[in-house]
$ cat entry.cif   # mmCIF, C-alpha atoms and all ligand atoms
data_run
#
loop_
_atom_site.label_atom_id
_atom_site.label_comp_id
_atom_site.auth_asym_id
_atom_site.auth_seq_id
_atom_site.Cartn_x
_atom_site.Cartn_y
_atom_site.Cartn_z
CA MET A 268 39.25 -30.61 55.98
CA SER A 269 37.86 -27.32 54.81
CA GLU A 270 34.13 -26.73 54.53
CA PRO A 271 32.79 -27.09 50.97
CA GLN A 272 32.04 -23.75 49.32
CA SER A 273 28.34 -22.90 49.13
CA PRO A 274 27.13 -21.97 45.67
CA PRO A 275 26.96 -18.16 45.45
CA ASP A 276 23.19 -17.97 45.12
CA GLU A 277 22.71 -19.81 48.38
CA THR A 278 24.46 -16.97 50.16
CA LEU A 279 22.00 -14.36 48.90
CA ASP A 280 19.66 -12.70 51.30
CA PRO A 281 15.93 -12.73 50.41
CA LEU A 282 16.00 -9.25 48.82
CA SER A 283 18.96 -10.06 46.56
CA GLU A 284 17.27 -13.30 45.63
CA LEU A 285 14.11 -11.41 44.73
CA LEU A 286 16.15 -8.99 42.61
CA GLU A 287 17.76 -11.85 40.73
CA LEU A 288 14.43 -13.53 40.14
CA SER A 289 12.96 -10.25 38.90
CA ALA A 290 15.92 -9.76 36.55
CA ALA A 291 15.45 -13.23 35.13
CA LEU A 292 11.73 -12.66 34.71
CA GLY A 293 12.32 -9.29 33.03
CA ALA A 294 14.80 -10.82 30.60
CA HIS A 295 12.35 -13.63 29.85
CA LEU A 296 9.50 -11.21 29.19
CA GLU A 297 11.72 -9.18 26.89
CA ALA A 298 12.67 -12.27 24.93
CA VAL A 299 9.00 -13.27 24.60
CA GLN A 300 8.06 -9.78 23.43
CA ARG A 301 10.93 -9.74 20.93
CA SER A 302 9.60 -12.99 19.51
CA GLY A 303 6.51 -11.06 18.40
CA ALA A 304 4.08 -12.15 21.09
CA VAL A 305 1.35 -9.66 21.73
CA GLY A 306 -0.77 -8.90 24.77
CA LEU A 307 2.11 -8.95 27.23
CA PRO A 308 2.61 -5.83 29.29
CA PRO A 309 6.14 -4.47 29.22
CA ALA A 310 8.08 -5.15 32.40
CA SER A 311 7.04 -2.28 34.62
CA ALA A 312 9.61 0.49 35.07
CA GLU A 313 7.96 1.48 38.35
CA ALA A 314 8.34 -2.01 39.74
CA TRP A 315 12.02 -1.92 38.91
CA GLN A 316 12.48 1.50 40.48
CA ALA A 317 10.72 0.36 43.65
CA LEU A 318 12.95 -2.68 43.90
CA GLU A 319 16.04 -0.62 43.20
CA ARG A 320 15.08 1.93 45.84
CA SER A 321 14.65 -0.79 48.46
CA SER A 322 17.87 -2.59 47.55
CA ARG A 323 21.23 -1.83 49.09
CA GLY A 324 23.10 -1.43 45.82
CA ALA A 325 22.76 -1.29 42.08
CA PRO A 326 20.27 -3.56 40.36
CA PRO A 327 21.65 -6.95 39.49
CA ALA A 328 23.40 -7.45 36.19
CA GLY A 329 21.01 -8.43 33.44
CA ALA A 330 18.17 -6.27 34.68
CA PRO A 331 16.48 -4.78 31.64
CA SER A 332 17.00 -1.05 31.12
CA ALA A 333 14.03 1.25 30.68
CA ALA A 334 14.96 1.70 27.02
CA SER A 335 15.09 -2.01 26.39
CA ARG A 336 11.58 -2.30 27.73
CA GLU A 337 10.19 0.16 25.15
CA PRO A 338 7.54 -1.35 22.86
CA GLN A 339 9.06 -3.28 20.01
CA ALA A 340 9.83 -1.53 16.73
CA ALA A 341 7.00 -0.85 14.27
CA PRO A 342 6.28 -3.67 11.84
CA ARG A 343 8.14 -3.65 8.53
CA VAL A 344 6.60 -1.95 5.54
CA GLY A 345 3.69 -3.89 4.18
CA THR A 346 2.98 -5.78 7.36
CA ARG A 347 0.42 -3.57 8.98
CA PRO A 348 -2.27 -5.39 10.90
CA ALA A 349 -5.08 -6.61 8.70
CA ALA A 350 -7.57 -3.86 8.03
CA ALA A 351 -11.22 -4.32 8.78
CA PRO A 352 -12.84 -5.65 5.63
CA ARG A 353 -14.71 -3.09 3.58
CA ALA A 354 -18.35 -3.49 2.75
CA GLY A 355 -18.41 -5.80 -0.19
CA ALA A 356 -14.69 -6.38 -0.07
CA PRO A 357 -13.21 -9.85 -0.19
CA PRO A 358 -11.76 -11.11 3.09
CA ALA A 359 -8.20 -10.10 3.81
CA ALA A 360 -5.79 -12.65 2.46
CA ALA A 361 -2.57 -13.79 4.00
CA ALA A 362 0.70 -13.48 2.15
CA PRO A 363 1.95 -16.48 0.23
CA PRO A 364 4.41 -18.29 2.47
CA GLY A 365 8.06 -17.46 2.03
CA ALA A 366 7.48 -14.37 -0.07
CA PRO A 367 9.84 -11.46 0.56
CA ALA A 368 8.70 -8.22 2.18
CA LEU A 369 8.23 -5.07 0.16
CA SER A 370 10.93 -2.51 0.37
CA GLY A 371 11.32 0.89 -1.22
CA ALA A 372 13.15 -0.80 -4.06
CA THR A 373 11.72 -2.96 -6.74
CA PRO A 374 11.46 -6.70 -6.58
CA ARG A 375 10.62 -8.30 -9.96
CA ALA A 376 7.08 -9.35 -10.68
CA THR A 377 8.44 -12.83 -11.12
CA ALA A 378 9.50 -12.77 -7.46
CA PRO A 379 6.49 -10.99 -6.02
CA PRO A 380 6.66 -8.97 -2.87
CA ALA A 381 4.13 -10.11 -0.37
CA VAL A 382 2.51 -8.53 2.57
CA ALA A 383 1.46 -10.37 5.67
CA ALA A 384 -1.68 -8.29 5.66
CA PRO A 385 -2.85 -7.03 2.34
CA ALA A 386 -3.43 -3.31 2.36
CA PRO A 387 -0.77 -0.87 3.55
CA ALA A 388 -3.08 1.90 4.77
CA PRO A 389 -1.91 5.47 4.43
CA SER A 390 -0.47 6.67 7.74
CA GLY A 391 -1.84 3.67 9.60
CA SER A 392 -5.22 5.37 9.82
CA PRO A 393 -8.27 3.34 10.79
CA GLU A 394 -10.22 1.93 7.91
CA GLN A 395 -12.52 4.56 6.45
CA ALA A 396 -16.19 3.81 6.71
CA PRO A 397 -17.62 3.32 3.22
CA ARG A 398 -20.02 6.21 3.61
CA ALA A 399 -17.33 8.63 4.82
CA ARG A 400 -15.15 7.52 1.93
CA ALA A 401 -17.94 8.06 -0.61
CA GLU A 402 -18.74 11.47 0.86
CA GLY A 403 -15.09 12.50 0.83
CA LEU A 404 -14.76 11.44 -2.78
CA ALA A 405 -17.95 13.31 -3.75
CA VAL A 406 -16.66 16.50 -2.13
CA LEU A 407 -13.32 16.07 -3.88
CA ALA A 408 -15.03 15.43 -7.24
CA ASP A 409 -16.92 18.69 -6.80
CA ARG A 410 -13.68 20.56 -6.20
CA VAL A 411 -12.10 18.96 -9.25
CA ARG A 412 -15.15 19.88 -11.35
CA ASP A 413 -14.47 23.57 -10.74
CA CYS A 414 -10.70 23.34 -11.13
CA GLN A 415 -8.99 26.06 -13.16
CA LYS A 416 -5.43 25.32 -12.08
CA CYS A 417 -4.05 24.71 -15.56
CA GLY A 418 -4.77 25.43 -19.20
CA LEU A 419 -6.57 22.12 -19.74
CA ALA A 420 -9.60 23.69 -18.03
CA ARG A 421 -10.12 25.89 -21.08
CA THR A 422 -10.37 23.05 -23.58
CA ARG A 423 -12.14 20.31 -21.62
CA THR A 424 -15.80 19.46 -22.00
CA GLN A 425 -15.87 18.32 -18.39
CA THR A 426 -13.56 16.89 -15.77
CA VAL A 427 -13.16 13.10 -15.57
CA PHE A 428 -12.79 12.06 -11.95
CA ALA A 429 -13.05 8.28 -11.54
CA ARG A 430 -15.20 5.21 -11.90
CA GLY A 431 -15.76 2.19 -9.66
CA THR A 432 -15.94 1.80 -5.92
CA GLY A 433 -12.53 0.34 -5.14
CA THR A 434 -14.06 -2.18 -2.72
CA SER A 435 -11.84 -4.88 -4.21
CA GLY A 436 -8.72 -3.03 -3.06
CA LEU A 437 -7.52 -2.75 -6.65
CA CYS A 438 -6.96 0.57 -8.38
CA PHE A 439 -5.88 1.33 -11.96
CA VAL A 440 -4.34 4.69 -12.78
CA GLY A 441 -4.08 5.85 -16.39
CA GLU A 442 -2.74 8.96 -18.07
CA GLY A 443 -5.65 11.22 -18.80
CA PRO A 444 -9.04 11.33 -20.51
CA GLY A 445 -9.37 10.94 -24.27
CA ALA A 446 -12.21 12.10 -26.49
CA ASP A 447 -14.72 9.48 -25.28
CA GLU A 448 -13.94 10.13 -21.64
CA ASP A 449 -14.14 13.90 -22.13
CA ALA A 450 -17.57 13.44 -23.71
CA GLN A 451 -18.96 11.00 -21.14
CA GLY A 452 -17.23 12.20 -17.96
CA PHE A 453 -15.85 8.78 -16.94
CA PRO A 454 -12.36 7.33 -17.37
CA PHE A 455 -11.60 4.43 -19.68
CA VAL A 456 -14.90 4.23 -21.52
CA GLY A 457 -13.43 4.18 -25.06
CA LYS A 458 -11.68 1.35 -26.90
CA ALA A 459 -8.77 1.21 -24.43
CA GLY A 460 -11.31 1.18 -21.61
CA GLN A 461 -13.12 -1.79 -23.10
CA LEU A 462 -9.85 -3.68 -23.17
CA LEU A 463 -9.19 -2.62 -19.57
CA ASP A 464 -12.61 -3.99 -18.62
CA ARG A 465 -11.70 -7.34 -20.16
CA MET A 466 -8.44 -7.34 -18.21
CA ILE A 467 -10.35 -6.60 -14.99
CA GLU A 468 -12.79 -9.42 -15.67
CA ALA A 469 -9.99 -11.83 -16.55
CA MET A 470 -8.51 -11.07 -13.14
CA GLY A 471 -11.75 -12.18 -11.50
CA PHE A 472 -13.05 -8.74 -10.52
CA SER A 473 -16.26 -7.03 -11.52
CA ARG A 474 -15.91 -3.70 -13.31
CA ASP A 475 -17.54 -1.78 -10.49
CA GLU A 476 -15.44 -3.03 -7.60
CA VAL A 477 -12.21 -1.71 -9.13
CA TYR A 478 -11.30 1.98 -8.80
CA VAL A 479 -10.16 3.57 -12.06
CA CYS A 480 -8.79 7.08 -12.42
CA ASN A 481 -6.12 9.13 -14.19
CA ILE A 482 -3.12 11.32 -13.51
CA VAL A 483 -4.85 14.34 -15.08
CA LYS A 484 -8.57 14.91 -14.87
CA CYS A 485 -9.00 16.90 -18.08
CA ARG A 486 -8.43 15.85 -21.65
CA PRO A 487 -5.22 17.18 -23.18
CA PRO A 488 -6.02 18.57 -26.65
CA ASP A 489 -5.44 16.14 -29.52
CA ASN A 490 -4.79 13.40 -26.97
CA ARG A 491 -1.27 14.67 -26.40
CA LYS A 492 0.67 13.61 -23.33
CA PRO A 493 0.01 15.92 -20.35
CA GLU A 494 2.69 18.55 -19.74
CA PRO A 495 4.74 18.30 -16.52
CA GLU A 496 3.03 21.47 -15.22
CA GLU A 497 -0.42 20.00 -15.90
CA MET A 498 0.56 16.81 -14.13
CA SER A 499 2.00 18.55 -11.10
CA GLN A 500 -1.16 20.67 -10.70
CA CYS A 501 -3.39 17.61 -10.90
CA VAL A 502 -1.41 14.99 -8.95
CA PRO A 503 -2.47 16.38 -5.53
CA TYR A 504 -6.07 15.52 -6.44
CA LEU A 505 -4.95 11.98 -7.17
CA ALA A 506 -3.16 11.84 -3.83
CA GLU A 507 -6.40 12.85 -2.08
CA GLN A 508 -8.35 10.26 -4.05
CA LEU A 509 -5.95 7.48 -3.14
CA ALA A 510 -5.89 8.52 0.52
CA LEU A 511 -9.67 8.11 0.58
CA VAL A 512 -9.88 4.94 -1.48
CA GLU A 513 -6.96 3.27 0.34
CA PRO A 514 -6.22 0.76 -2.40
CA GLN A 515 -4.39 -2.41 -1.55
CA VAL A 516 -2.55 -2.39 -4.86
CA ILE A 517 -2.26 0.18 -7.67
CA VAL A 518 -1.65 -0.75 -11.29
CA ALA A 519 0.02 2.11 -13.17
CA LEU A 520 -0.98 2.01 -16.82
CA GLY A 521 1.82 3.39 -18.97
CA ALA A 522 4.81 5.62 -18.44
CA THR A 523 2.83 8.78 -17.63
CA ALA A 524 0.99 7.01 -14.82
CA VAL A 525 4.29 5.72 -13.40
CA GLN A 526 5.77 9.21 -13.62
CA GLY A 527 2.76 10.88 -11.99
CA LEU A 528 2.54 8.34 -9.18
CA LEU A 529 6.19 7.68 -8.46
CA GLY A 530 8.18 10.38 -10.19
CA ALA A 531 9.95 7.60 -12.06
CA THR A 532 10.87 8.47 -15.60
CA GLY A 533 12.02 6.12 -18.30
CA GLY A 534 10.63 3.68 -20.75
CA ILE A 535 7.67 1.62 -19.61
CA THR A 536 9.35 -1.42 -21.15
CA ARG A 537 12.04 -1.14 -18.48
CA LEU A 538 9.70 -0.09 -15.67
CA ARG A 539 6.94 -2.65 -16.14
CA GLY A 540 6.86 -5.77 -14.04
CA ASN A 541 8.87 -4.18 -11.21
CA TRP A 542 7.11 -3.51 -7.96
CA ARG A 543 7.35 0.01 -6.54
CA LEU A 544 5.79 1.71 -3.55
CA TYR A 545 3.49 4.72 -3.74
CA GLN A 546 4.31 7.13 -0.90
CA GLY A 547 6.39 4.33 0.61
CA LYS A 548 3.25 2.36 1.42
CA ILE A 549 1.08 1.10 -1.40
CA PRO A 550 2.50 -1.48 -3.84
CA VAL A 551 2.43 -0.24 -7.43
CA MET A 552 2.76 -2.49 -10.47
CA PRO A 553 3.68 -0.58 -13.63
CA THR A 554 2.49 -2.17 -16.85
CA PHE A 555 1.69 -1.27 -20.43
CA HIS A 556 -1.24 1.04 -21.17
CA PRO A 557 -4.24 -0.72 -22.81
CA ALA A 558 -4.00 1.75 -25.74
CA TYR A 559 -0.51 0.36 -26.40
CA LEU A 560 -1.94 -3.17 -26.27
CA LEU A 561 -4.47 -2.23 -28.94
CA ARG A 562 -1.54 -1.32 -31.18
CA THR A 563 0.73 -4.13 -29.99
CA PRO A 564 -1.37 -7.18 -29.05
CA SER A 565 1.76 -9.29 -28.58
CA ALA A 566 2.49 -7.30 -25.39
CA LYS A 567 -0.63 -8.73 -23.74
CA ARG A 568 1.49 -11.64 -22.53
CA GLU A 569 3.67 -9.33 -20.40
CA VAL A 570 0.66 -7.44 -19.08
CA TRP A 571 -0.98 -10.68 -18.04
CA ASP A 572 2.21 -11.65 -16.20
CA ASP A 573 2.08 -8.30 -14.38
CA LEU A 574 -1.60 -8.71 -13.51
CA GLN A 575 -0.97 -12.19 -12.19
CA ALA A 576 1.74 -10.74 -9.95
CA VAL A 577 -0.89 -8.27 -8.73
CA LEU A 578 -3.30 -11.10 -7.95
CA ARG A 579 -0.62 -12.96 -6.04
CA GLN A 580 0.18 -9.80 -4.10
CA MET A 581 -3.51 -9.49 -3.21
CA GLY A 582 -3.73 -13.14 -2.16
CA ARG A 583 -6.17 -13.81 -5.01
CA PRO A 584 -6.31 -16.89 -7.24
CA THR A 585 -4.47 -16.48 -10.54
CA PRO A 586 -6.78 -17.68 -13.30
CA THR A 587 -5.18 -19.22 -16.36
CA ARG A 588 -5.71 -17.27 -19.55
CA SER A 589 -7.96 -18.84 -22.19
N1 LIG B 1 -6.48 6.57 -21.53
C1 LIG B 1 -6.22 6.97 -20.27
O1 LIG B 1 -5.08 7.01 -19.85
N2 LIG B 1 -7.24 7.31 -19.51
C2 LIG B 1 -8.48 7.25 -19.91
O2 LIG B 1 -9.35 7.55 -19.15
C3 LIG B 1 -8.73 6.81 -21.22
C4 LIG B 1 -7.72 6.49 -22.03
#

$ encode --input "entry.cif" --output "structure tokens"
Amino acid sequence: MSEPQSPPDETLDPLSELLELSAALGAHLEAVQRSGAVGLPPASAEAWQALERSSRGAPPAGAPSAASREPQAAPRVGTRPAAAPRAGAPPAAAAPPGAPALSGATPRATAPPAVAAPAPAPSGSPEQAPRARAEGLAVLADRVRDCQKCGLARTRTQTVFARGTGTSGLCFVGEGPGADEDAQGFPFVGKAGQLLDRMIEAMGFSRDEVYVCNIVKCRPPDNRKPEPEEMSQCVPYLAEQLALVEPQVIVALGATAVQGLLGATGGITRLRGNWRLYQGKIPVMPTFHPAYLLRTPSAKREVWDDLQAVLRQMGRPTPTRS
């Protein structure tokens, strides 16, 4: 009778056994890391090299390669770790369960994109301290005040930079100052601004905690639409503003705001209600301009739908309209 065959692993010498155990442990650690667990060190490349050097042959099959032990890929867009809350800001809210992730394309407002953590910060930078943010904005406002980059400088009374702190994470961007704004130096202080204020309040925010600004900072004569050249000279200021304010969500009021923020042209009727991303990071909801709502009150229904989508995106309650 022949001797029964020993299982292969029982024939291993202690070093081979150690190599096999290490391979199994490495594979396990990789699987745990891939599952999203944090706080685990990657399997050490040095440890593997030391084992390999001391072994008689190649590392056992299944040993993780150096490349496969690289840190896991960056989180998907819109899932950056929760930012530190700002002074006066509401606590970060989790995404509604089951909501899809934001992509560069445009989910409908009726199927809102959601972010696991609310505010996609520009370039993953640490949260700006409120004072540094305020100082940066003050310096920028001074630069804008002296701006002579386009012909609007010759006809303006003054530049119109912004209003509100933005501590809520919500930012509205309009087209450009009108006569009232040009006279007072603040955006959205005329009739359209009063309607915007009612929209902000209906959303559950106070006027001051929302950041409000425009694509162009000077009034176009006769309230005409800003020229492409005027917009392109002014949009870099807006980019600097938004980088400092770090809004969680931007609402683009009207077609000019959508064009200035996203480069998207076309009728606002087609654009509204579709999520976009500003600079690939910040969710933008295009909607009708309040001045249009003053002329067409029946469109308030659609705007309210869009603003409710914004609230859902921000993890805020969606009040019912009275
Ligand atoms: N319309 C705008 O687009 N911006 C203002 O500031 C006022 C009216």

$ closest_atom_pairs --input "entry.cif" --of "range 405-444 of chain A" --to "range 480-504 of chain A" --cutoff "8 Å" --atoms "only C-alpha atoms" --output "CSV"
residue,atom,partner,partner_atom,distance
A:Leu407,CA,A:Tyr504,CA,7.7
A:Val411,CA,A:Tyr504,CA,7.5
A:Lys416,CA,A:Gln500,CA,6.5
A:Cys417,CA,A:Glu497,CA,6.0
A:Gly418,CA,A:Glu497,CA,7.7
A:Leu419,CA,A:Cys485,CA,6.0
A:Ala420,CA,A:Cys485,CA,6.8
A:Thr422,CA,A:Pro488,CA,7.0
A:Arg423,CA,A:Arg486,CA,5.8
A:Gln425,CA,A:Cys485,CA,7.0
A:Thr426,CA,A:Cys485,CA,5.1
A:Val427,CA,A:Lys484,CA,5.0
A:Phe428,CA,A:Lys484,CA,5.9
A:Ala429,CA,A:Cys480,CA,4.5
A:Arg430,CA,A:Cys480,CA,6.7
A:Cys438,CA,A:Cys480,CA,7.9
A:Phe439,CA,A:Cys480,CA,6.5
A:Val440,CA,A:Asn481,CA,5.0
A:Gly441,CA,A:Asn481,CA,4.4
A:Glu442,CA,A:Ile482,CA,5.1
A:Gly443,CA,A:Val483,CA,4.9
A:Pro444,CA,A:Arg486,CA,4.7

$ atom_distance --input "entry.cif" --atom1 "CA of Asp464 in chain A" --atom2 "CA of Gln515 in chain A"
19.0 Å

$ closest_residue --input "entry.cif" --among "A:Thr536, A:Thr523, A:Thr563, A:Thr432" --to "ligand LIG 1 (chain B)" --atoms "all atoms listed in the file"
A:Thr523

$ closest_residue --input "entry.cif" --among "A:Asp475, A:Ala558, A:Leu437, A:Met466" --to "Leu509 in chain A" --atoms "all atoms listed in the file"
A:Leu437

$ closest_residue --input "entry.cif" --among "A:Ala459, A:Ala566, A:Val477, A:Met552" --to "Thr434 in chain A" --atoms "only C-alpha atoms"
A:Val477

$ closest_residue --input "entry.cif" --among "A:Glu476, A:Glu569, A:Asp449, A:Asp413" --to "ligand LIG 1 (chain B)" --atoms "only C-alpha atoms and all ligand atoms"
A:Asp449

$ closest_residue --input "entry.cif" --among "A:Ala396, A:Leu505, A:Ile535, A:Leu463" --to "ligand LIG 1 (chain B)" --atoms "only C-alpha atoms and all ligand atoms"
A:Leu463

$ residues_around --input "entry.cif" --residues "Gly533 in chain A" --least-positions-apart "4" --cutoff "12 Å" --atoms "all atoms listed in the file" --output "ChimeraX atom specification"
/A:521-526,529,537-539,553

$ atom_distance --input "entry.cif" --atom1 "CA of Glu468 in chain A" --atom2 "CA of Pro397 in chain A"
23.3 Å

$ atom_distance --input "entry.cif" --atom1 "CA of Pro514 in chain A" --atom2 "CA of Gly547 in chain A"
13.4 Å

$ closest_residue --input "entry.cif" --among "A:Leu520, A:Leu528, A:Ala399, A:Ile549" --to "Gln580 in chain A" --atoms "only C-alpha atoms"
A:Ile549

$ axis_aligned_box --input "entry.cif" --around "ligand LIG 1 (chain B)" --padding-each-side "5 Å" --output "AutoDock Vina command-line options"
--center_x -7.2 --center_y 7.0 --center_z -20.6 --size_x 14.3 --size_y 11.1 --size_z 12.9

$ decode --input "entry.cif" --residues "range 406-439 of chain A" --atoms "C-alpha atoms" --output "short mmCIF file (atom, residue, chain, number, x, y, z; two decimals), in the first residue's frame"
data_model
loop_
_atom_site.label_atom_id
_atom_site.label_comp_id
_atom_site.auth_asym_id
_atom_site.auth_seq_id
_atom_site.Cartn_x
_atom_site.Cartn_y
_atom_site.Cartn_z
CA VAL A 406 -8.92 92.97 -0.98
CA LEU A 407 -10.64 91.64 -4.09
CA ALA A 408 -13.48 94.17 -3.74
CA ASP A 409 -10.88 96.94 -3.63
CA ARG A 410 -9.31 95.68 -6.85
CA VAL A 411 -12.71 95.47 -8.51
CA ARG A 412 -13.51 99.03 -7.36
CA ASP A 413 -10.61 100.36 -9.42
CA CYS A 414 -11.21 98.13 -12.43
CA GLN A 415 -10.95 99.74 -15.87
CA LYS A 416 -10.79 96.54 -17.91
CA CYS A 417 -13.84 97.26 -20.06
CA GLY A 418 -16.01 100.12 -21.25
CA LEU A 419 -18.56 99.65 -18.46
CA ALA A 420 -16.11 101.45 -16.15
CA ARG A 421 -16.86 104.70 -17.99
CA THR A 422 -20.61 104.62 -17.40
CA ARG A 423 -20.93 103.07 -13.95
CA THR A 424 -21.63 105.04 -10.80
CA GLN A 425 -19.73 102.46 -8.80
CA THR A 426 -18.85 98.79 -8.91
CA VAL A 427 -21.27 96.29 -7.35
CA PHE A 428 -19.32 93.48 -5.74
CA ALA A 429 -21.54 91.28 -3.57
CA ARG A 430 -23.79 91.06 -0.55
CA GLY A 431 -24.14 88.45 2.19
CA THR A 432 -21.63 86.28 3.98
CA GLY A 433 -22.19 82.94 2.29
CA THR A 434 -22.02 81.12 5.64
CA SER A 435 -25.04 79.05 4.59
CA GLY A 436 -23.07 77.55 1.70
CA LEU A 437 -25.59 78.95 -0.77
CA CYS A 438 -24.64 81.43 -3.48
CA PHE A 439 -26.83 83.16 -6.08
#
